[in-house]
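Beneath this line is the structure, given in structure tokens, with notes to follow.
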Amino acid sequence: MAHDLIPPGVRSRLKSLRLTSRRAVGAQGIGAHTSRSRGTGLEFAQYRAYEQGDEPRQIDWKLYARSDKFFVREAERESPLALWILIDASASMAQADGARPGWSRLDAAKALAACLAELAIAQGDRFGLIALHADGLRMVAPGSGPRHRDRLLIELHALSASGGFPDPARLAPLWERIGAQDLVVMLGDFFDEAGVALVERLAAARRETLAVQLLTVEERDFPFEGGHRFRDPETDAELLGDGTALRADFIQRFADARAALQARFDAAGIRHATYVLDEEVDAPLRQLFGRRLA
Amino acid sequence: MLALLLPVGLFALAALALPALIHLARRSEDRRTDFAALRWLSEKPKPRQRLRFDEWPLLLLRLLLLALVALWLARPALRDEADARSWIVAVPGVDIAEARDAASDDAEIRWLAPDFPAADRPAPAAPQPVASLLRELDAQLPAGAALTVLLPERLSGLDGERLRLARQVDWQVAPGAMAAPRRGLPPPPVLAVRHAPDQAASLRYLRAAAVAWQSPDQPLGYSAAGLDAPLPDRRSVLVWLAPGRLPAAVTDWIERGGTALVGADTDLEAADGAGGALAEERVLGRGRLLRLTAPLTPAAMPQLLEPDFPRQLQAVLAVPAAPPSSARAVDVAPLAGGASYPRAARELQPWLALLIAALLFVERWVATRRARRVAP
């Protein structure tokens with residue numbers, strides 16, 4: 001895996017994206033997100049000279065009385081949004097394309113997570129990570145700033161995919177940590193019913209939930225020729241078949257399954273995007289955040 | 001006709017299975033593929049077990065290459081087509097007009113001469129080694145070919161070995177006569193003496209012998225000079241009377257075909273022992289070197305004073321006479337049952353090796369060119 005998770009070309013394009021949440025409310029202070037509440041922050045940060053356009057009521061009049069100059073009080077801004085990145089780390093995420101063995105679904109998920117962290121840093125949001133591993137959840141509590149991003153990257157580098165999707169019992173800490181109104185982005189393949197059910201419950205529980213389904217090129221195009229022994233990495237079920245003969249039927253059934261999944265997401269109010277491994281990493285983010293939805 | 005000298009080498013053709021297997025293997029094996037979306041794969045179609053090969057051109061190249069290597073191991077050779085035409089050879093000098101009329105149309109008359117020229121061309125003039133040529137022809141002809149030989153009544157050019165050929169020969173005596181080899185006494189030797197000053201006393205005996213050989217109408221075949229005089233031409237006999245080793249110039253003169261008689265005090269390596277009482281003889285290059293057994297003084301060599309000394313000296317110097325080589329043709333009809341020789345075949349291995357090398361080059365080029373996919 002490359003040291004830097006984000007490809008250079010993608011990093012430059014990230015600047016035009018902004019994390020948005022439909023549920024963000026201004027109750028917790030001034031942030032980058034649309035809010036009904038106005039006013040300065042709670043904690044004083046600095047004075048700065050008045051500039052044209054500043055609201056007159058932000059001017060510190062007592063200071064003006066003392067110094068005969070206009071100064072504006074600035075406060076530390078507290079972002080109202082916490083971003084949770086959920087990564088499915090079951091064995092199916094380790095699948096990569098035969099044509100590009102070094103780029104698995106999990107690698108793409110890590111790159112996406114790094115991109116999301118960059119976006120969150122750029123607008124001062126807090127962000128955290130939860131990897132859904134069969135052995136248990138691996139969590140980076142929400143925080144902000146470059147130091148926190150490094151903590152997240154270390155956790156991402158150490159992450160590997162194995163086992164199945166965790167039991168619902170193991171997911172209990174997730175409900176304790178993810179607060180209401182938080183932004184949750186789930187990165188996974190959503191082949192497991194448990195994964196789909198999790199995001200549906202999150203959405204139902206008033207978390208702003210987004211889903212990015214990661215697909216390999218082989219799942220989209222089914223380019224296999226000749227005899228193959230297909231193996232499900234999670235259940236170890238095997239199926240012997242001829243690629244050419246299976247292709248049309250598989251593409252039809254898989255498209256149906258994806259349509260059904262997207263219908264469920266839409267019904268649950270989950271914004272969703274699909275990322276195929278041969279696309280640019282920022283494509284799903286552009287799909288989710290490229291236009292302002294709120 | 002193509003023949004294989006080592007047909008066992010064709011077992012190497014079994015190696016043809018190797019490239020076929022290499023190109024086939026990826027097909028028959030069902031590759032394990034991780035595929036998480038397995039539940040949307042339907043169960044029904046089994047992989048087709050049809051034989052399929054990757055990269056046909058490369059496979060064909062490799063098969064061809066291996067087949068050629070196997071052929072190379074089998075040592076292919078090109079045998080000339082055995083034409084069973086009958087041969088008629090005529091000894092030069094025979095009148096072939098009659099035989100030409102009698103010959104059937106599929107036979108061709110040739111002269112019994114080196115390379116067996118056709119009878120349309122003039123007969124070779126020089127006397128031919130008939131026995132040797134017959135043996136050569138017998139060895140060259142394919143086993144089934146009939147051979148007719150037209151000979152004059154008197155046959156020369158024979159040798160000491162009785163003719164024994166592999167085939168039954170139609171031995172026909174025809175009118176005509178061979179060019180007879182020149183016969184008669186050889187001319188007496190011409191002595192060219194080169195002597196050291198202190199040997200002058202010995203010269204009189206040699207001169208006396210030369211005078212004795214001289215025919216009345218011939219000049220005297222004798223001359224004498226010092227050691228530093230130029231060497232005579234090689235028809236003369238060089239008499240070298242000087243102690244010590246022979247100079248390199250003299251040795252060289254002898255080796256090119258000269259005959260030399262040297263004094264008894266000349267240093268030589270061991271002689272062959274041939275010769276006689278008067279001189280011992282050895283062969284030096286193409287020439288002969290004779291050394292006197294004793295100094296040319298009556299005390300050491302009493303024969304000098306005997307009346308037949310010139311005859312003895314001429315006998316020593318004369319070239320040994322050839323054995324008789326002429327006989328009546330009917331008496332020397334060849335015996336049958338001689339060894340027959342398998343005819344040498346022209347091996348094709350070097351050319352095949354070149355072809356294999358070229359093919360290997362092409363194969364490597366095809367197999368390593370950039371546009372190729374990954375695979376065998």
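Identifiers in this document derive from the order of the structure tokens: chains are assigned A, B, ..., residues are numbered from 1 separately in each chain, and ligands are numbered from 1 in order of occurrence.
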
Identify every residue of chain A that has at least one atom within 9 Å of any atom of chain B, counting only C-alpha atoms, and report the result as JSON, numbers by chain.
{"A": [91, 92, 93, 95, 96, 98, 189, 191, 218, 219, 226, 227, 228, 229, 230, 231, 232, 233, 234, 237, 238, 239, 240, 241, 242, 243, 245, 246, 247, 249, 250, 251, 253, 254, 257]}

Long-range neighbours of stretch 275-290 of chain B as a JSON list (two decimals) with all heavy atoms, in the first residue's frame, 7 Å cut-off, only C-alpha atoms, 2 positions minimum in chain:
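Output saved as part14.json:
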```json
[["chain", "number", "residue", "atom", "x", "y", "z"],
["B", 254, "ILE", "N", 67.12, -32.52, -52.52],
["B", 254, "ILE", "CA", 66.74, -33.94, -52.56],
["B", 254, "ILE", "C", 65.25, -34.10, -52.27],
["B", 254, "ILE", "O", 64.54, -34.84, -52.95],
["B", 254, "ILE", "CB", 67.57, -34.74, -51.53],
["B", 254, "ILE", "CG1", 69.05, -34.65, -51.87],
["B", 254, "ILE", "CG2", 67.14, -36.19, -51.51],
["B", 254, "ILE", "CD1", 69.94, -35.16, -50.76],
["B", 255, "GLU", "N", 64.79, -33.35, -51.27],
["B", 255, "GLU", "CA", 63.40, -33.52, -50.86],
["B", 255, "GLU", "C", 62.44, -33.14, -51.98],
["B", 255, "GLU", "O", 61.30, -33.59, -52.00],
["B", 255, "GLU", "CB", 63.11, -32.69, -49.62],
["B", 255, "GLU", "CG", 63.62, -33.36, -48.35],
["B", 255, "GLU", "CD", 63.44, -32.51, -47.12],
["B", 255, "GLU", "OE1", 63.06, -31.35, -47.30],
["B", 255, "GLU", "OE2", 63.69, -33.02, -46.03],
["B", 256, "ARG", "N", 62.89, -32.30, -52.88],
["B", 256, "ARG", "CA", 62.01, -31.93, -53.99],
["B", 256, "ARG", "C", 62.07, -32.93, -55.14],
["B", 256, "ARG", "O", 61.60, -32.65, -56.23],
["B", 256, "ARG", "CB", 62.38, -30.56, -54.52],
["B", 256, "ARG", "CG", 62.02, -29.48, -53.51],
["B", 256, "ARG", "CD", 62.51, -28.16, -53.98],
["B", 256, "ARG", "NE", 62.24, -27.14, -52.99],
["B", 256, "ARG", "CZ", 61.76, -25.94, -53.32],
["B", 256, "ARG", "NH1", 61.54, -25.67, -54.57],
["B", 256, "ARG", "NH2", 61.53, -25.06, -52.38],
["B", 257, "GLY", "N", 62.69, -34.06, -54.92],
["B", 257, "GLY", "CA", 62.62, -35.10, -55.95],
["B", 257, "GLY", "C", 63.96, -35.46, -56.57],
["B", 257, "GLY", "O", 64.00, -36.16, -57.58],
["B", 258, "GLY", "N", 65.03, -35.00, -55.99],
["B", 258, "GLY", "CA", 66.34, -35.31, -56.57],
["B", 258, "GLY", "C", 66.91, -36.62, -56.04],
["B", 258, "GLY", "O", 66.43, -37.16, -55.05],
["B", 259, "THR", "N", 67.88, -37.11, -56.73],
["B", 259, "THR", "CA", 68.59, -38.29, -56.27],
["B", 259, "THR", "C", 70.04, -37.87, -55.98],
["B", 259, "THR", "O", 70.67, -37.19, -56.81],
["B", 259, "THR", "CB", 68.58, -39.39, -57.33],
["B", 259, "THR", "OG1", 67.23, -39.65, -57.69],
["B", 259, "THR", "CG2", 69.23, -40.65, -56.82],
["B", 260, "ALA", "N", 70.53, -38.23, -54.80],
["B", 260, "ALA", "CA", 71.88, -37.80, -54.43],
["B", 260, "ALA", "C", 72.66, -38.99, -53.90],
["B", 260, "ALA", "O", 72.12, -39.87, -53.22],
["B", 260, "ALA", "CB", 71.81, -36.69, -53.39],
["B", 261, "LEU", "N", 73.94, -39.02, -54.25],
["B", 261, "LEU", "CA", 74.85, -40.04, -53.72],
["B", 261, "LEU", "C", 75.86, -39.28, -52.88],
["B", 261, "LEU", "O", 76.51, -38.35, -53.37],
["B", 261, "LEU", "CB", 75.53, -40.76, -54.89],
["B", 261, "LEU", "CG", 76.52, -41.87, -54.55],
["B", 261, "LEU", "CD1", 75.75, -43.06, -53.98],
["B", 261, "LEU", "CD2", 77.29, -42.29, -55.78],
["B", 262, "VAL", "N", 75.99, -39.62, -51.61],
["B", 262, "VAL", "CA", 76.89, -38.87, -50.74],
["B", 262, "VAL", "C", 77.98, -39.81, -50.27],
["B", 262, "VAL", "O", 77.82, -41.04, -50.25],
["B", 262, "VAL", "CB", 76.14, -38.26, -49.54],
["B", 262, "VAL", "CG1", 75.07, -37.31, -50.04],
["B", 262, "VAL", "CG2", 75.54, -39.33, -48.67],
["B", 271, "ALA", "N", 70.11, -44.90, -41.56],
["B", 271, "ALA", "CA", 69.59, -45.16, -42.89],
["B", 271, "ALA", "C", 68.60, -46.32, -42.82],
["B", 271, "ALA", "O", 68.46, -46.99, -41.80],
["B", 271, "ALA", "CB", 70.72, -45.49, -43.84],
["B", 272, "ASP", "N", 67.87, -46.54, -43.92],
["B", 272, "ASP", "CA", 66.87, -47.58, -43.94],
["B", 272, "ASP", "C", 67.49, -48.97, -44.06],
["B", 272, "ASP", "O", 66.85, -49.97, -43.76],
["B", 272, "ASP", "CB", 65.92, -47.39, -45.12],
["B", 272, "ASP", "CG", 65.16, -46.09, -44.99],
["B", 272, "ASP", "OD1", 65.21, -45.52, -43.89],
["B", 272, "ASP", "OD2", 64.55, -45.66, -45.98],
["B", 273, "GLY", "N", 68.69, -49.02, -44.57],
["B", 273, "GLY", "CA", 69.31, -50.32, -44.77],
["B", 273, "GLY", "C", 69.10, -50.88, -46.16],
["B", 273, "GLY", "O", 69.74, -51.84, -46.56],
["B", 292, "LEU", "N", 77.32, -43.88, -49.74],
["B", 292, "LEU", "CA", 78.31, -44.95, -49.98],
["B", 292, "LEU", "C", 78.66, -45.61, -48.66],
["B", 292, "LEU", "O", 78.71, -44.98, -47.61],
["B", 292, "LEU", "CB", 79.55, -44.35, -50.63],
["B", 292, "LEU", "CG", 79.33, -43.78, -52.03],
["B", 292, "LEU", "CD1", 80.52, -42.95, -52.46],
["B", 292, "LEU", "CD2", 79.10, -44.91, -53.01],
["B", 293, "THR", "N", 78.88, -46.92, -48.73],
["B", 293, "THR", "CA", 79.21, -47.62, -47.49],
["B", 293, "THR", "C", 80.67, -47.46, -47.10],
["B", 293, "THR", "O", 81.05, -47.71, -45.97],
["B", 293, "THR", "CB", 78.90, -49.13, -47.65],
["B", 293, "THR", "OG1", 79.53, -49.56, -48.85],
["B", 293, "THR", "CG2", 77.42, -49.36, -47.76],
["B", 316, "VAL", "N", 72.54, -49.35, -58.60],
["B", 316, "VAL", "CA", 72.21, -48.67, -57.33],
["B", 316, "VAL", "C", 71.43, -47.39, -57.59],
["B", 316, "VAL", "O", 70.46, -47.07, -56.91],
["B", 316, "VAL", "CB", 73.52, -48.39, -56.55],
["B", 316, "VAL", "CG1", 73.25, -47.41, -55.44],
["B", 316, "VAL", "CG2", 74.07, -49.66, -55.98]]
```

Residue nearest A:Leu261 - candidates A:Leu63, A:Ala111, A:Ala203, A:Ala211, atoms counted: only C-alpha atoms:
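Using only C-alpha atoms, the shortest distance to A:Leu261 belongs to A:Ala211.
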
The residue from B:Leu231, B:Leu151, B:Leu238, B:Leu360 with the smallest atom-to-atom distance to B:Val69, counting only C-alpha atoms, is B:Leu360

Skip B:Thr266 itself and residues of its chain fewer than 5 positions away, then list as a PyMOL selection string all residues within 12 Å of it, counting only C-alpha atoms.
chain B and resi 195-196+239-247+261+271+289-295

Output of the above residues as a compact mmCIF listing (two decimals), in the first residue's frame, restricted to all heavy atoms:
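That gives us result.txt:
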```
# COMPACT_ATOMS: atom_id res chain seq x y z
N HIS B 195 82.44 -31.69 -54.87
CA HIS B 195 83.37 -32.39 -53.96
C HIS B 195 84.23 -31.38 -53.22
O HIS B 195 84.50 -30.27 -53.69
CB HIS B 195 84.27 -33.33 -54.77
CG HIS B 195 85.15 -32.60 -55.77
ND1 HIS B 195 86.43 -32.22 -55.50
CD2 HIS B 195 84.89 -32.19 -57.03
CE1 HIS B 195 86.94 -31.58 -56.55
NE2 HIS B 195 86.01 -31.56 -57.49
N ALA B 196 84.68 -31.84 -52.07
CA ALA B 196 85.67 -31.07 -51.32
C ALA B 196 87.02 -31.28 -52.01
O ALA B 196 87.22 -32.29 -52.68
CB ALA B 196 85.71 -31.57 -49.88
N VAL B 239 76.33 -36.03 -56.83
CA VAL B 239 77.30 -36.79 -56.01
C VAL B 239 77.95 -35.78 -55.09
O VAL B 239 78.59 -34.83 -55.54
CB VAL B 239 78.34 -37.50 -56.90
CG1 VAL B 239 79.27 -38.32 -56.04
CG2 VAL B 239 77.64 -38.39 -57.91
N TRP B 240 77.78 -35.93 -53.82
CA TRP B 240 78.23 -34.96 -52.83
C TRP B 240 79.32 -35.60 -52.01
O TRP B 240 79.06 -36.53 -51.24
CB TRP B 240 77.04 -34.55 -51.93
CG TRP B 240 77.38 -33.46 -50.97
CD1 TRP B 240 77.81 -33.60 -49.69
CD2 TRP B 240 77.34 -32.07 -51.22
NE1 TRP B 240 78.03 -32.39 -49.12
CE2 TRP B 240 77.75 -31.41 -50.05
CE3 TRP B 240 77.01 -31.29 -52.34
CZ2 TRP B 240 77.83 -30.03 -49.96
CZ3 TRP B 240 77.08 -29.92 -52.22
CH2 TRP B 240 77.49 -29.31 -51.05
N LEU B 241 80.56 -35.15 -52.25
CA LEU B 241 81.69 -35.75 -51.55
C LEU B 241 82.27 -34.70 -50.63
O LEU B 241 83.10 -33.89 -51.02
CB LEU B 241 82.74 -36.24 -52.57
CG LEU B 241 82.23 -37.33 -53.51
CD1 LEU B 241 83.29 -37.67 -54.56
CD2 LEU B 241 81.86 -38.57 -52.74
N ALA B 242 81.80 -34.67 -49.41
CA ALA B 242 82.34 -33.74 -48.42
C ALA B 242 82.03 -34.32 -47.05
O ALA B 242 80.96 -34.88 -46.84
CB ALA B 242 81.70 -32.37 -48.57
N PRO B 243 82.99 -34.22 -46.13
CA PRO B 243 82.70 -34.74 -44.77
C PRO B 243 81.72 -33.82 -44.07
O PRO B 243 81.49 -32.67 -44.46
CB PRO B 243 84.09 -34.74 -44.11
CG PRO B 243 84.86 -33.68 -44.85
CD PRO B 243 84.35 -33.66 -46.26
N GLY B 244 81.13 -34.34 -43.03
CA GLY B 244 80.22 -33.52 -42.20
C GLY B 244 78.78 -33.64 -42.67
O GLY B 244 78.40 -34.52 -43.44
N ARG B 245 77.97 -32.71 -42.19
CA ARG B 245 76.53 -32.77 -42.47
C ARG B 245 76.24 -32.21 -43.86
O ARG B 245 77.01 -31.42 -44.40
CB ARG B 245 75.76 -31.95 -41.43
CG ARG B 245 75.92 -32.45 -40.02
CD ARG B 245 74.98 -31.69 -39.10
NE ARG B 245 73.58 -31.89 -39.48
CZ ARG B 245 72.85 -32.92 -39.07
NH1 ARG B 245 73.37 -33.81 -38.25
NH2 ARG B 245 71.61 -33.04 -39.45
N LEU B 246 75.13 -32.65 -44.40
CA LEU B 246 74.67 -32.12 -45.67
C LEU B 246 74.14 -30.70 -45.46
O LEU B 246 73.41 -30.46 -44.50
CB LEU B 246 73.52 -32.97 -46.22
CG LEU B 246 73.89 -34.24 -46.97
CD1 LEU B 246 72.60 -34.91 -47.45
CD2 LEU B 246 74.74 -33.91 -48.17
N PRO B 247 74.49 -29.77 -46.31
CA PRO B 247 73.91 -28.43 -46.18
C PRO B 247 72.39 -28.49 -46.41
O PRO B 247 71.88 -29.38 -47.09
CB PRO B 247 74.60 -27.62 -47.28
CG PRO B 247 75.75 -28.43 -47.69
CD PRO B 247 75.46 -29.86 -47.37
N LEU B 261 73.94 -39.02 -54.25
CA LEU B 261 74.85 -40.04 -53.72
C LEU B 261 75.86 -39.28 -52.88
O LEU B 261 76.51 -38.35 -53.37
CB LEU B 261 75.53 -40.76 -54.89
CG LEU B 261 76.52 -41.87 -54.55
CD1 LEU B 261 75.75 -43.06 -53.98
CD2 LEU B 261 77.29 -42.29 -55.78
N ALA B 271 70.11 -44.90 -41.56
CA ALA B 271 69.59 -45.16 -42.89
C ALA B 271 68.60 -46.32 -42.82
O ALA B 271 68.46 -46.99 -41.80
CB ALA B 271 70.72 -45.49 -43.84
N LEU B 289 68.14 -40.56 -51.21
CA LEU B 289 69.48 -40.20 -50.74
C LEU B 289 70.24 -41.50 -50.55
O LEU B 289 69.80 -42.39 -49.81
CB LEU B 289 69.36 -39.42 -49.42
CG LEU B 289 70.67 -39.09 -48.73
CD1 LEU B 289 71.53 -38.21 -49.63
CD2 LEU B 289 70.42 -38.38 -47.42
N LEU B 290 71.36 -41.64 -51.26
CA LEU B 290 72.17 -42.84 -51.14
C LEU B 290 73.51 -42.46 -50.54
O LEU B 290 74.10 -41.44 -50.91
CB LEU B 290 72.38 -43.47 -52.53
CG LEU B 290 71.08 -43.87 -53.24
CD1 LEU B 290 71.01 -43.20 -54.58
CD2 LEU B 290 71.00 -45.38 -53.36
N ARG B 291 73.94 -43.26 -49.58
CA ARG B 291 75.26 -42.99 -48.99
C ARG B 291 76.16 -44.19 -49.25
O ARG B 291 75.78 -45.35 -49.02
CB ARG B 291 75.13 -42.75 -47.48
CG ARG B 291 76.46 -42.38 -46.87
CD ARG B 291 76.31 -41.92 -45.46
NE ARG B 291 75.93 -43.03 -44.57
CZ ARG B 291 76.00 -42.95 -43.26
NH1 ARG B 291 76.38 -41.82 -42.69
NH2 ARG B 291 75.64 -43.96 -42.50
N LEU B 292 77.32 -43.88 -49.74
CA LEU B 292 78.31 -44.95 -49.98
C LEU B 292 78.66 -45.61 -48.66
O LEU B 292 78.71 -44.98 -47.61
CB LEU B 292 79.55 -44.35 -50.63
CG LEU B 292 79.33 -43.78 -52.03
CD1 LEU B 292 80.52 -42.95 -52.46
CD2 LEU B 292 79.10 -44.91 -53.01
N THR B 293 78.88 -46.92 -48.73
CA THR B 293 79.21 -47.62 -47.49
C THR B 293 80.67 -47.46 -47.10
O THR B 293 81.05 -47.71 -45.97
CB THR B 293 78.90 -49.13 -47.65
OG1 THR B 293 79.53 -49.56 -48.85
CG2 THR B 293 77.42 -49.36 -47.76
N ALA B 294 81.47 -47.01 -48.05
CA ALA B 294 82.92 -46.87 -47.73
C ALA B 294 83.48 -45.72 -48.55
O ALA B 294 82.87 -45.32 -49.55
CB ALA B 294 83.66 -48.18 -48.06
N PRO B 295 84.62 -45.19 -48.15
CA PRO B 295 85.23 -44.14 -48.96
C PRO B 295 85.58 -44.66 -50.35
O PRO B 295 85.75 -45.86 -50.56
CB PRO B 295 86.50 -43.79 -48.17
CG PRO B 295 86.26 -44.28 -46.81
CD PRO B 295 85.36 -45.45 -46.91
```

Non-local contacts of A:Glu193 (10 Å; only C-alpha atoms; under 3 positions in same chain excluded) as a PyMOL selection string:
chain A and resi 165+190+196-198+261

Keeping only C-alpha atoms, write the selected residues as a PDB file, in the first residue's frame.
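Result file result-v5.pdb:
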```pdb
ATOM      1  CA  PHE A 165     -19.509  -9.188   9.132  1.00  0.00           C
ATOM      2  CA  PHE A 190     -23.276  -4.260   1.146  1.00  0.00           C
ATOM      3  CA  VAL A 196     -27.536  -3.101   4.897  1.00  0.00           C
ATOM      4  CA  ALA A 197     -29.585  -3.557   8.039  1.00  0.00           C
ATOM      5  CA  LEU A 198     -27.022  -1.585  10.053  1.00  0.00           C
ATOM      6  CA  LEU A 261     -30.402  -2.316  -2.679  1.00  0.00           C
TER       7      LEU A 261
END
```

Can you tell me, as a list of chain:residue names, what residues are no more than 8 Å from A:Leu159 when counting only C-alpha atoms, ignoring any on the same chain fewer than 4 positions away?
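Everything that qualifies: A:Ala89, A:Ala131, A:Glu155.
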
Could you dump the residues just selected with all heavy atoms as an mmCIF file, in the first residue's frame?
```
data_model
loop_
_atom_site.group_PDB
_atom_site.id
_atom_site.type_symbol
_atom_site.label_atom_id
_atom_site.label_comp_id
_atom_site.auth_asym_id
_atom_site.auth_seq_id
_atom_site.Cartn_x
_atom_site.Cartn_y
_atom_site.Cartn_z
ATOM 1 N N ALA A 89 -14.786 -4.299 7.283
ATOM 2 C CA ALA A 89 -13.488 -4.978 7.152
ATOM 3 C C ALA A 89 -13.666 -6.483 7.118
ATOM 4 O O ALA A 89 -12.838 -7.228 7.616
ATOM 5 C CB ALA A 89 -12.558 -4.574 8.288
ATOM 6 N N ALA A 131 -13.981 0.652 12.305
ATOM 7 C CA ALA A 131 -13.799 -0.454 11.367
ATOM 8 C C ALA A 131 -14.605 -1.632 11.878
ATOM 9 O O ALA A 131 -14.440 -2.056 13.027
ATOM 10 C CB ALA A 131 -12.318 -0.822 11.263
ATOM 11 N N GLU A 155 -4.341 4.104 12.028
ATOM 12 C CA GLU A 155 -5.328 3.041 12.192
ATOM 13 C C GLU A 155 -5.708 2.442 10.840
ATOM 14 O O GLU A 155 -5.843 1.228 10.690
ATOM 15 C CB GLU A 155 -6.567 3.625 12.888
ATOM 16 C CG GLU A 155 -7.580 2.598 13.297
ATOM 17 C CD GLU A 155 -7.055 1.691 14.391
ATOM 18 O OE1 GLU A 155 -6.196 2.141 15.200
ATOM 19 O OE2 GLU A 155 -7.493 0.543 14.433
#
```

Identify, on the basis of only C-alpha atoms, every residue whose closest approach to B:Ile88 does not exceed 12 Å; exclude the query and any residue fewer than 2 positions from it along the same chain; express the result as an MDAnalysis selection string.
chainID B and resid 85:86 90:91 96 99:100 102:112 116:119 134 137 141 145:151 169:172

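Restricting the calculation to only C-alpha atoms, the smallest distance between B:Pro152 and any of B:Val330, B:Leu63, B:Val193, B:Leu4 is found for B:Val330.
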
If you run DSSP on the backbone here, which positions in stretch 73-270 of chain A get helix (DSSP H, G or I)? Please write them as a count of residues only.
88

Which polymer residues have any atom within 7 Å of an atom of B:His23, counting only C-alpha atoms, with same-chain residues fewer than 4 positions away left out, as a PyMOL selection string?
chain B and resi 19+53-54+59+376

Report the distance between atom CA of A:Ser16 and atom CA of A:Tyr275 in Å, rounded to one decimal place.
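Those two atoms sit 19.1 Å apart.
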
One decimal, in Å: what's the spacing between atom CA of A:Phe71 and atom CA of A:Gln58?
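According to the coordinates, atom CA of A:Phe71 and atom CA of A:Gln58 are separated by 8.4 Å.
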
Ranking A:Val184, A:Leu5, A:Ala263, A:Ile130 by minimum distance to A:Asp107 and counting only C-alpha atoms, which one comes first?
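Of A:Val184, A:Leu5, A:Ala263, A:Ile130, the one nearest A:Asp107 is A:Leu5, counting only C-alpha atoms.
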
Between atom CA of A:Ala134 and atom CA of A:Pro166, what is the spacing in Å?
4.4 Å
